[in-house]
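*Asks:* Input structure: input22.tsv, which contains TSV, C-alpha atoms.
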```
chain	number	residue	atom	x	y	z
S	1	MET	CA	94.85	60.85	-111.03
S	2	THR	CA	98.07	58.89	-110.65
S	3	PHE	CA	101.55	60.01	-111.66
S	4	ASP	CA	103.42	57.82	-114.16
S	5	SER	CA	106.46	59.70	-115.45
S	6	TYR	CA	107.83	63.08	-116.47
S	7	TYR	CA	109.72	61.90	-119.54
S	8	TRP	CA	108.59	58.36	-120.41
S	9	ARG	CA	104.82	58.72	-120.87
S	10	GLY	CA	103.64	56.53	-123.71
S	11	SER	CA	106.74	54.32	-123.63
S	12	ARG	CA	106.43	50.55	-123.46
S	13	LEU	CA	108.65	48.52	-121.17
S	14	SER	CA	110.44	45.39	-122.31
S	15	ALA	CA	108.64	42.86	-120.12
S	16	PRO	CA	105.08	42.38	-118.77
S	17	GLU	CA	106.35	42.18	-115.21
S	18	LEU	CA	107.95	45.59	-115.57
S	19	GLU	CA	104.71	47.04	-116.90
S	20	HIS	CA	102.96	45.54	-113.89
S	21	ALA	CA	105.56	47.05	-111.55
S	22	ARG	CA	105.08	50.39	-113.28
S	23	VAL	CA	101.35	50.31	-112.54
S	24	LEU	CA	101.88	49.32	-108.90
S	25	VAL	CA	104.39	52.11	-108.32
S	26	ALA	CA	102.05	54.65	-109.86
S	27	THR	CA	98.95	53.51	-107.99
S	28	THR	CA	100.19	52.19	-104.64
S	29	ARG	CA	103.81	53.43	-104.36
S	30	ASP	CA	104.81	49.79	-103.90
S	31	ARG	CA	108.45	49.73	-102.83
S	32	ALA	CA	109.24	46.23	-104.17
S	33	SER	CA	107.95	47.30	-107.59
S	34	PHE	CA	109.99	50.48	-107.40
S	35	MET	CA	113.09	48.41	-106.70
S	36	SER	CA	112.33	46.18	-109.70
S	37	LEU	CA	112.17	49.21	-111.99
S	38	LEU	CA	115.27	50.84	-110.55
S	39	ARG	CA	117.39	47.67	-110.83
S	40	SER	CA	116.14	46.75	-114.29
S	41	SER	CA	118.30	46.73	-117.42
S	42	ASP	CA	115.42	48.46	-119.26
S	43	ILE	CA	116.36	52.14	-119.81
S	44	ALA	CA	112.76	53.29	-119.70
S	45	ALA	CA	112.02	51.34	-116.51
S	46	VAL	CA	114.98	52.92	-114.74
S	47	GLY	CA	113.93	56.35	-116.01
S	48	ILE	CA	110.40	55.83	-114.67
S	49	ALA	CA	111.85	54.86	-111.28
S	50	PHE	CA	113.90	58.07	-111.28
S	51	ASP	CA	110.83	60.12	-112.17
S	52	GLN	CA	108.77	58.45	-109.45
S	53	TYR	CA	111.51	59.14	-106.91
S	54	HIS	CA	111.70	62.78	-107.98
S	55	TYR	CA	107.93	63.17	-107.84
S	56	ALA	CA	107.64	61.59	-104.39
S	57	ASP	CA	110.62	63.59	-103.11
S	58	ALA	CA	109.08	66.84	-104.35
S	59	SER	CA	105.72	65.95	-102.80
S	60	SER	CA	107.40	65.40	-99.42
S	61	ARG	CA	107.88	69.16	-99.15
S	62	HIS	CA	104.13	69.39	-98.53
S	63	GLY	CA	104.34	67.27	-95.40
S	64	THR	CA	104.12	63.76	-96.82
S	65	VAL	CA	106.88	61.22	-96.30
S	66	THR	CA	108.47	59.88	-99.46
S	67	PRO	CA	107.86	56.12	-99.69
S	68	PHE	CA	111.16	55.58	-101.49
S	69	GLY	CA	113.50	57.27	-99.02
S	70	GLU	CA	115.21	53.99	-98.15
S	71	PHE	CA	116.51	53.81	-101.74
S	72	ARG	CA	118.16	57.25	-101.59
S	73	SER	CA	121.76	56.03	-101.90
S	74	GLU	CA	120.95	53.47	-104.57
S	75	VAL	CA	118.98	56.04	-106.61
S	76	ALA	CA	121.89	58.49	-106.47
S	77	ALA	CA	124.45	55.84	-107.49
S	78	ARG	CA	122.29	54.58	-110.36
S	79	ALA	CA	121.59	58.14	-111.56
S	80	ARG	CA	125.31	58.91	-111.68
S	81	ALA	CA	125.92	55.71	-113.63
S	82	VAL	CA	123.23	56.67	-116.16
S	83	LEU	CA	124.75	60.14	-116.60
S	84	ARG	CA	128.04	58.49	-117.55
S	85	GLN	CA	126.24	56.65	-120.36
S	86	PRO	CA	125.30	58.19	-123.73
S	87	PRO	CA	121.98	60.05	-123.88
S	88	SER	CA	119.10	57.88	-125.01
S	89	ALA	CA	117.70	58.26	-128.53
S	90	SER	CA	114.31	59.71	-129.36
S	91	ALA	CA	111.73	56.94	-129.76
S	92	GLY	CA	107.97	56.51	-129.53
S	93	GLY	CA	107.29	60.09	-128.52
S	94	VAL	CA	110.02	60.09	-125.88
S	95	GLU	CA	112.53	62.90	-126.39
S	96	ALA	CA	116.23	62.27	-126.89
S	97	GLY	CA	118.21	62.35	-123.66
S	98	ALA	CA	115.25	61.30	-121.50
S	99	ASN	CA	117.51	58.94	-119.54
S	100	HIS	CA	119.71	61.88	-118.53
S	101	ALA	CA	116.75	64.14	-117.77
S	102	SER	CA	115.26	61.52	-115.43
S	103	ALA	CA	118.62	60.89	-113.74
S	104	LEU	CA	119.14	64.60	-113.15
S	105	GLY	CA	115.65	64.94	-111.74
S	106	ALA	CA	116.33	62.14	-109.28
S	107	LEU	CA	119.51	63.95	-108.23
S	108	SER	CA	117.76	67.29	-107.75
S	109	ASN	CA	117.91	66.92	-103.96
S	110	LEU	CA	120.68	64.29	-103.83
S	111	ALA	CA	123.47	65.87	-105.87
S	112	GLU	CA	126.80	66.51	-104.18
S	113	PRO	CA	129.74	68.75	-105.15
S	114	GLU	CA	131.48	65.86	-106.91
S	115	ASP	CA	128.55	65.66	-109.34
S	116	ALA	CA	129.40	69.05	-110.83
S	117	GLU	CA	131.36	67.66	-113.77
S	118	LEU	CA	128.56	65.29	-114.76
S	119	ILE	CA	126.16	68.24	-114.92
S	120	VAL	CA	128.66	70.36	-116.82
S	121	GLN	CA	128.87	67.69	-119.52
S	122	VAL	CA	125.08	67.64	-119.88
S	123	LEU	CA	124.89	71.43	-120.14
S	124	ARG	CA	127.65	71.54	-122.74
S	125	ARG	CA	125.64	69.35	-125.08
S	126	ALA	CA	123.09	71.23	-127.17
S	127	GLY	CA	120.28	68.97	-126.03
S	128	PRO	CA	116.53	69.33	-125.54
S	129	SER	CA	115.13	71.89	-123.14
S	130	ASN	CA	114.14	69.23	-120.61
S	131	LEU	CA	117.82	68.45	-120.10
S	132	ARG	CA	118.76	72.06	-119.37
S	133	PHE	CA	115.95	72.44	-116.87
S	134	ALA	CA	116.73	69.15	-115.10
S	135	ALA	CA	120.45	69.97	-115.06
S	136	ALA	CA	119.71	73.32	-113.42
S	137	LEU	CA	117.69	71.59	-110.68
S	138	ALA	CA	120.56	69.23	-109.89
S	139	ALA	CA	123.10	72.07	-110.13
S	140	ARG	CA	121.18	73.94	-107.45
S	141	SER	CA	121.90	71.17	-104.93
S	142	VAL	CA	125.52	70.87	-106.05
S	143	LEU	CA	126.21	74.57	-105.59
S	144	ALA	CA	124.30	74.82	-102.32
S	145	ASN	CA	126.51	72.05	-100.89
S	146	SER	CA	129.81	73.35	-102.30
S	147	VAL	CA	132.33	75.22	-100.18
S	148	SER	CA	134.30	76.10	-103.33
S	149	PRO	CA	131.73	76.09	-106.16
S	150	ASN	CA	132.77	74.62	-109.51
S	151	GLU	CA	133.44	77.58	-111.80
S	152	GLN	CA	132.82	75.55	-114.95
S	153	LEU	CA	129.34	74.72	-113.69
S	154	ILE	CA	128.68	78.37	-112.89
S	155	SER	CA	129.86	79.32	-116.37
S	156	GLU	CA	127.54	76.82	-118.07
S	157	LEU	CA	124.57	77.98	-116.01
S	158	GLU	CA	125.42	81.56	-116.86
S	159	LYS	CA	125.22	80.72	-120.57
S	160	VAL	CA	121.68	79.42	-120.08
S	161	VAL	CA	120.62	82.53	-118.16
S	162	PHE	CA	121.94	84.92	-120.80
S	163	ASP	CA	120.66	82.95	-123.81
S	164	GLU	CA	117.57	84.86	-124.96
S	165	SER	CA	116.58	81.96	-127.22
S	166	THR	CA	116.18	79.71	-124.19
S	167	ALA	CA	112.77	79.29	-122.55
S	168	SER	CA	112.18	81.55	-119.55
S	169	GLU	CA	111.54	78.54	-117.28
S	170	GLU	CA	115.01	77.19	-118.00
S	171	ARG	CA	116.63	80.59	-117.54
S	172	ARG	CA	114.92	81.04	-114.17
S	173	ALA	CA	115.99	77.55	-113.05
S	174	ALA	CA	119.60	78.25	-114.05
S	175	LEU	CA	119.51	81.58	-112.23
S	176	ALA	CA	118.09	79.92	-109.10
S	177	ALA	CA	121.06	77.53	-109.19
S	178	LEU	CA	123.51	80.41	-109.61
S	179	GLY	CA	121.97	82.06	-106.58
S	180	ARG	CA	123.02	79.10	-104.44
S	181	ALA	CA	126.71	79.50	-105.32
S	182	ARG	CA	128.69	81.52	-102.79
S	183	SER	CA	131.57	82.77	-104.90
S	184	GLU	CA	132.75	86.01	-106.47
S	185	PHE	CA	132.31	84.40	-109.89
S	186	ALA	CA	128.62	83.74	-109.22
S	187	THR	CA	128.08	87.17	-107.68
S	188	ASP	CA	129.56	88.81	-110.76
S	189	ALA	CA	127.10	86.86	-112.94
S	190	LEU	CA	124.18	87.97	-110.77
S	191	LEU	CA	125.26	91.60	-111.09
S	192	ARG	CA	125.33	91.30	-114.87
S	193	VAL	CA	121.82	89.83	-114.85
S	194	LEU	CA	120.65	93.17	-113.45
S	195	ARG	CA	121.62	94.73	-116.76
S	196	ILE	CA	119.53	92.48	-119.01
S	197	SER	CA	116.07	93.50	-120.19
S	198	ASP	CA	113.94	90.88	-118.40
S	199	PRO	CA	112.40	92.34	-115.18
S	200	SER	CA	111.60	88.87	-113.81
S	201	LEU	CA	115.20	87.71	-114.10
S	202	GLN	CA	116.39	91.06	-112.78
S	203	ALA	CA	114.15	90.69	-109.72
S	204	SER	CA	115.32	87.12	-109.08
S	205	SER	CA	118.93	88.22	-109.29
S	206	ALA	CA	118.21	91.17	-107.01
S	207	LEU	CA	116.83	88.85	-104.34
S	208	HIS	CA	119.97	86.74	-104.41
S	209	LEU	CA	122.20	89.82	-104.21
S	210	LEU	CA	120.26	91.31	-101.30
S	211	ASP	CA	120.49	87.97	-99.52
S	212	ARG	CA	124.27	88.12	-99.93
S	213	ASP	CA	124.74	91.71	-98.81
S	214	LEU	CA	121.65	93.89	-98.47
S	215	PRO	CA	123.46	97.12	-97.52
S	216	GLY	CA	126.10	96.57	-100.18
S	217	TYR	CA	123.71	96.01	-103.10
S	218	ARG	CA	120.70	98.02	-101.95
S	219	THR	CA	121.44	101.14	-104.00
S	220	ARG	CA	122.08	99.17	-107.18
S	221	VAL	CA	118.89	97.15	-106.75
S	222	GLU	CA	116.82	100.25	-106.07
S	223	GLU	CA	118.16	101.85	-109.26
S	224	ILE	CA	117.09	98.83	-111.30
S	225	ALA	CA	113.72	98.58	-109.54
S	226	ARG	CA	112.87	102.11	-110.62
S	227	THR	CA	113.00	100.93	-114.25
S	228	TRP	CA	110.42	98.17	-113.72
S	229	PRO	CA	106.85	98.55	-114.97
S	230	LYS	CA	104.08	99.64	-112.57
S	231	ASP	CA	102.97	96.02	-112.18
S	232	PRO	CA	106.31	94.19	-112.31
S	233	PRO	CA	106.48	90.39	-112.60
S	234	TYR	CA	107.30	87.96	-109.81
S	235	PRO	CA	109.43	88.08	-107.70
S	236	ALA	CA	109.60	91.90	-107.77
S	237	ASP	CA	107.09	92.09	-104.90
S	238	GLU	CA	109.49	90.11	-102.70
S	239	VAL	CA	112.29	92.54	-103.55
S	240	PHE	CA	110.14	95.50	-102.48
S	241	GLU	CA	109.07	93.69	-99.29
S	242	LEU	CA	112.67	92.94	-98.37
S	243	LEU	CA	113.72	96.54	-98.94
S	244	ALA	CA	110.75	97.81	-96.93
S	245	GLU	CA	111.50	95.43	-94.05
S	246	SER	CA	115.09	96.65	-93.92
S	247	ASP	CA	113.84	100.26	-93.70
S	248	GLY	CA	111.92	99.43	-90.53
S	249	ARG	CA	114.81	97.79	-88.71
```
Can you present the structure in this file as structure tokens?
*Replies:*
Amino acid sequence: MTFDSYYWRGSRLSAPELEHARVLVATTRDRASFMSLLRSSDIAAVGIAFDQYHYADASSRHGTVTPFGEFRSEVAARARAVLRQPPSASAGGVEAGANHASALGALSNLAEPEDAELIVQVLRRAGPSNLRFAAALAARSVLANSVSPNEQLISELEKVVFDESTASEERRAALAALGRARSEFATDALLRVLRISDPSLQASSALHLLDRDLPGYRTRVEEIARTWPKDPPYPADEVFELLAESDGR
């Protein structure tokens, strides 16, 4: 089974040659066809190129080499340009803002600290869930690479984490991004997550806090862990393992 796109499935491109390039990228990872999509003026074609880059980049974590690595800089520059444009409209089964979702996905491992404001603007718009999830993925790279993390970005991610109407997948992604930020502002948010009623989010926050300062937060984490059910959700087992390992040192 070949991969076509995260956000543009069912869309039709504006020219036969682009449709042909789309097929070649999906079936053979043809780099010339990828370049044709990426440099096209067709919004959907560019979005498909972003999705293919993201998919190949994610697959490289399993030992494969991404075939599109040579386009890294061009993908990042084009993604930033797309994020400065208005979100695309809903059409033909494609959700509104798909252009931004694809651009953010492409930036998930390419984003730099200077991209923080672009992601803040996406998060501030009450858009579809795919945008919040993709923004959290890109924010993770931004915050991991930031010496002085952008507090506005942390604040917007915090809103996602604490919004009980938001899907759990999005909340977990936003929390994972917060965990990459080394700042008192982010640490304060993680501590407040320990007080919410979701054991999975509590456990994720606990892991980040223990990674920051295991002796300093151990007692507080242990107090929260005692409130978890007998079979707590992931990643509670990793919290218990980390605490147990520290006991044996």
*Asks:* Just the residues within 10 Å of Pro67 in chain S, please, counting all atoms listed in the file, with nothing from its chain fewer than 2 positions along; format it as a ChimeraX atom specification.
*Replies:* /S:28-31,34,53,56-57,60,64-65,69-71
*Asks:* Applying 12 Å and all atoms listed in the file, which residues near Ser11 in chain S remain after dropping the ones on its own chain fewer than 3 positions away? List them as number ranges by chain.
*Replies:* S: 4-8, 14, 18-19, 22, 42-45, 47-48, 90-95, 98
*Asks:* Enumerate, in order of chain and increasing residue number, the residues of range 30-87 of chain S with an atom no farther than 12 Å from range 123-137 of chain S, each with its shortest atom pair and distance in Å to one decimal, counting all atoms listed in the file, as a tab-separated table.
*Replies:*
```
residue	atom	partner	partner_atom	distance
S:Asp51	CA	S:Ala134	CA	11.2
S:His54	CA	S:Ala134	CA	10.8
S:Ala58	CA	S:Leu137	CA	11.7
S:Leu83	CA	S:Ala135	CA	10.8
S:Pro86	CA	S:Arg125	CA	11.2
S:Pro87	CA	S:Gly127	CA	9.3
```
*Asks:* Just the number, please: distance in Å from CA of Val122 in chain S to CA of His100 in chain S, one decimal.
*Replies:*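 Atom-to-atom, CA of Val122 in chain S to CA of His100 in chain S, that is 8.0 Å.
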*Asks:* I need every residue sitting at most 12 Å from the point (119.6, 52.0, -103.5) (coordinates as in the file, all atoms listed in the file considered), written as a PDB file with C-alpha atoms, keeping the file's coordinate frame.
*Replies:*
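The file below, selection_16.pdb, is the result:
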```pdb
ATOM      1  CA  ARG S  31     108.450  49.730-102.830  1.00  0.00           C
ATOM      2  CA  ALA S  32     109.240  46.230-104.170  1.00  0.00           C
ATOM      3  CA  PHE S  34     109.990  50.480-107.400  1.00  0.00           C
ATOM      4  CA  MET S  35     113.090  48.410-106.700  1.00  0.00           C
ATOM      5  CA  SER S  36     112.330  46.180-109.700  1.00  0.00           C
ATOM      6  CA  LEU S  37     112.170  49.210-111.990  1.00  0.00           C
ATOM      7  CA  LEU S  38     115.270  50.840-110.550  1.00  0.00           C
ATOM      8  CA  ARG S  39     117.390  47.670-110.830  1.00  0.00           C
ATOM      9  CA  ALA S  49     111.850  54.860-111.280  1.00  0.00           C
ATOM     10  CA  PHE S  50     113.900  58.070-111.280  1.00  0.00           C
ATOM     11  CA  TYR S  53     111.510  59.140-106.910  1.00  0.00           C
ATOM     12  CA  PHE S  68     111.160  55.580-101.490  1.00  0.00           C
ATOM     13  CA  GLY S  69     113.500  57.270 -99.020  1.00  0.00           C
ATOM     14  CA  GLU S  70     115.210  53.990 -98.150  1.00  0.00           C
ATOM     15  CA  PHE S  71     116.510  53.810-101.740  1.00  0.00           C
ATOM     16  CA  ARG S  72     118.160  57.250-101.590  1.00  0.00           C
ATOM     17  CA  SER S  73     121.760  56.030-101.900  1.00  0.00           C
ATOM     18  CA  GLU S  74     120.950  53.470-104.570  1.00  0.00           C
ATOM     19  CA  VAL S  75     118.980  56.040-106.610  1.00  0.00           C
ATOM     20  CA  ALA S  76     121.890  58.490-106.470  1.00  0.00           C
ATOM     21  CA  ALA S  77     124.450  55.840-107.490  1.00  0.00           C
ATOM     22  CA  ARG S  78     122.290  54.580-110.360  1.00  0.00           C
ATOM     23  CA  ALA S  79     121.590  58.140-111.560  1.00  0.00           C
TER      24      ALA S  79
END
```
*Asks:* CA of Arg226 in chain S and CA of Ile196 in chain S are how many Å apart?
*Replies:*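 Separation of CA of Arg226 in chain S and CA of Ile196 in chain S: 14.4 Å.
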*Asks:* For Pro149 in chain S, which of S:Thr187, S:Thr166, S:Asn99, S:Gln121 is the closest residue, counting all atoms listed in the file?
*Replies:*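 Using all atoms listed in the file, the shortest distance to Pro149 in chain S belongs to S:Thr187.
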*Asks:* From the options S:Val25, S:Ala15, S:Ala186, S:Val142, which residue's atoms come nearest to Thr2 in chain S, counting all atoms listed in the file?
*Replies:*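 Among S:Val25, S:Ala15, S:Ala186, S:Val142, it is S:Val25 that comes nearest to Thr2 in chain S.
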*Asks:* What is the distance, in Å and to one decimal place, between CA of Pro199 in chain S and CA of Phe185 in chain S?
*Replies:* 22.1 Å
*Asks:* Could you check which of S:Ser197, S:Asn150, S:Ser155, S:Ser141 is closest to Ala106 in chain S, using all atoms listed in the file?
*Replies:*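 Using all atoms listed in the file, the shortest distance to Ala106 in chain S belongs to S:Ser141.
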*Asks:* Return the single residue from S:Glu223, S:Ala177, S:Glu170, S:Asp213 that is closest to Leu153 in chain S, with distances computed using all atoms listed in the file.
*Replies:*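 Among the listed residues, the smallest separation from Leu153 in chain S belongs to S:Ala177.
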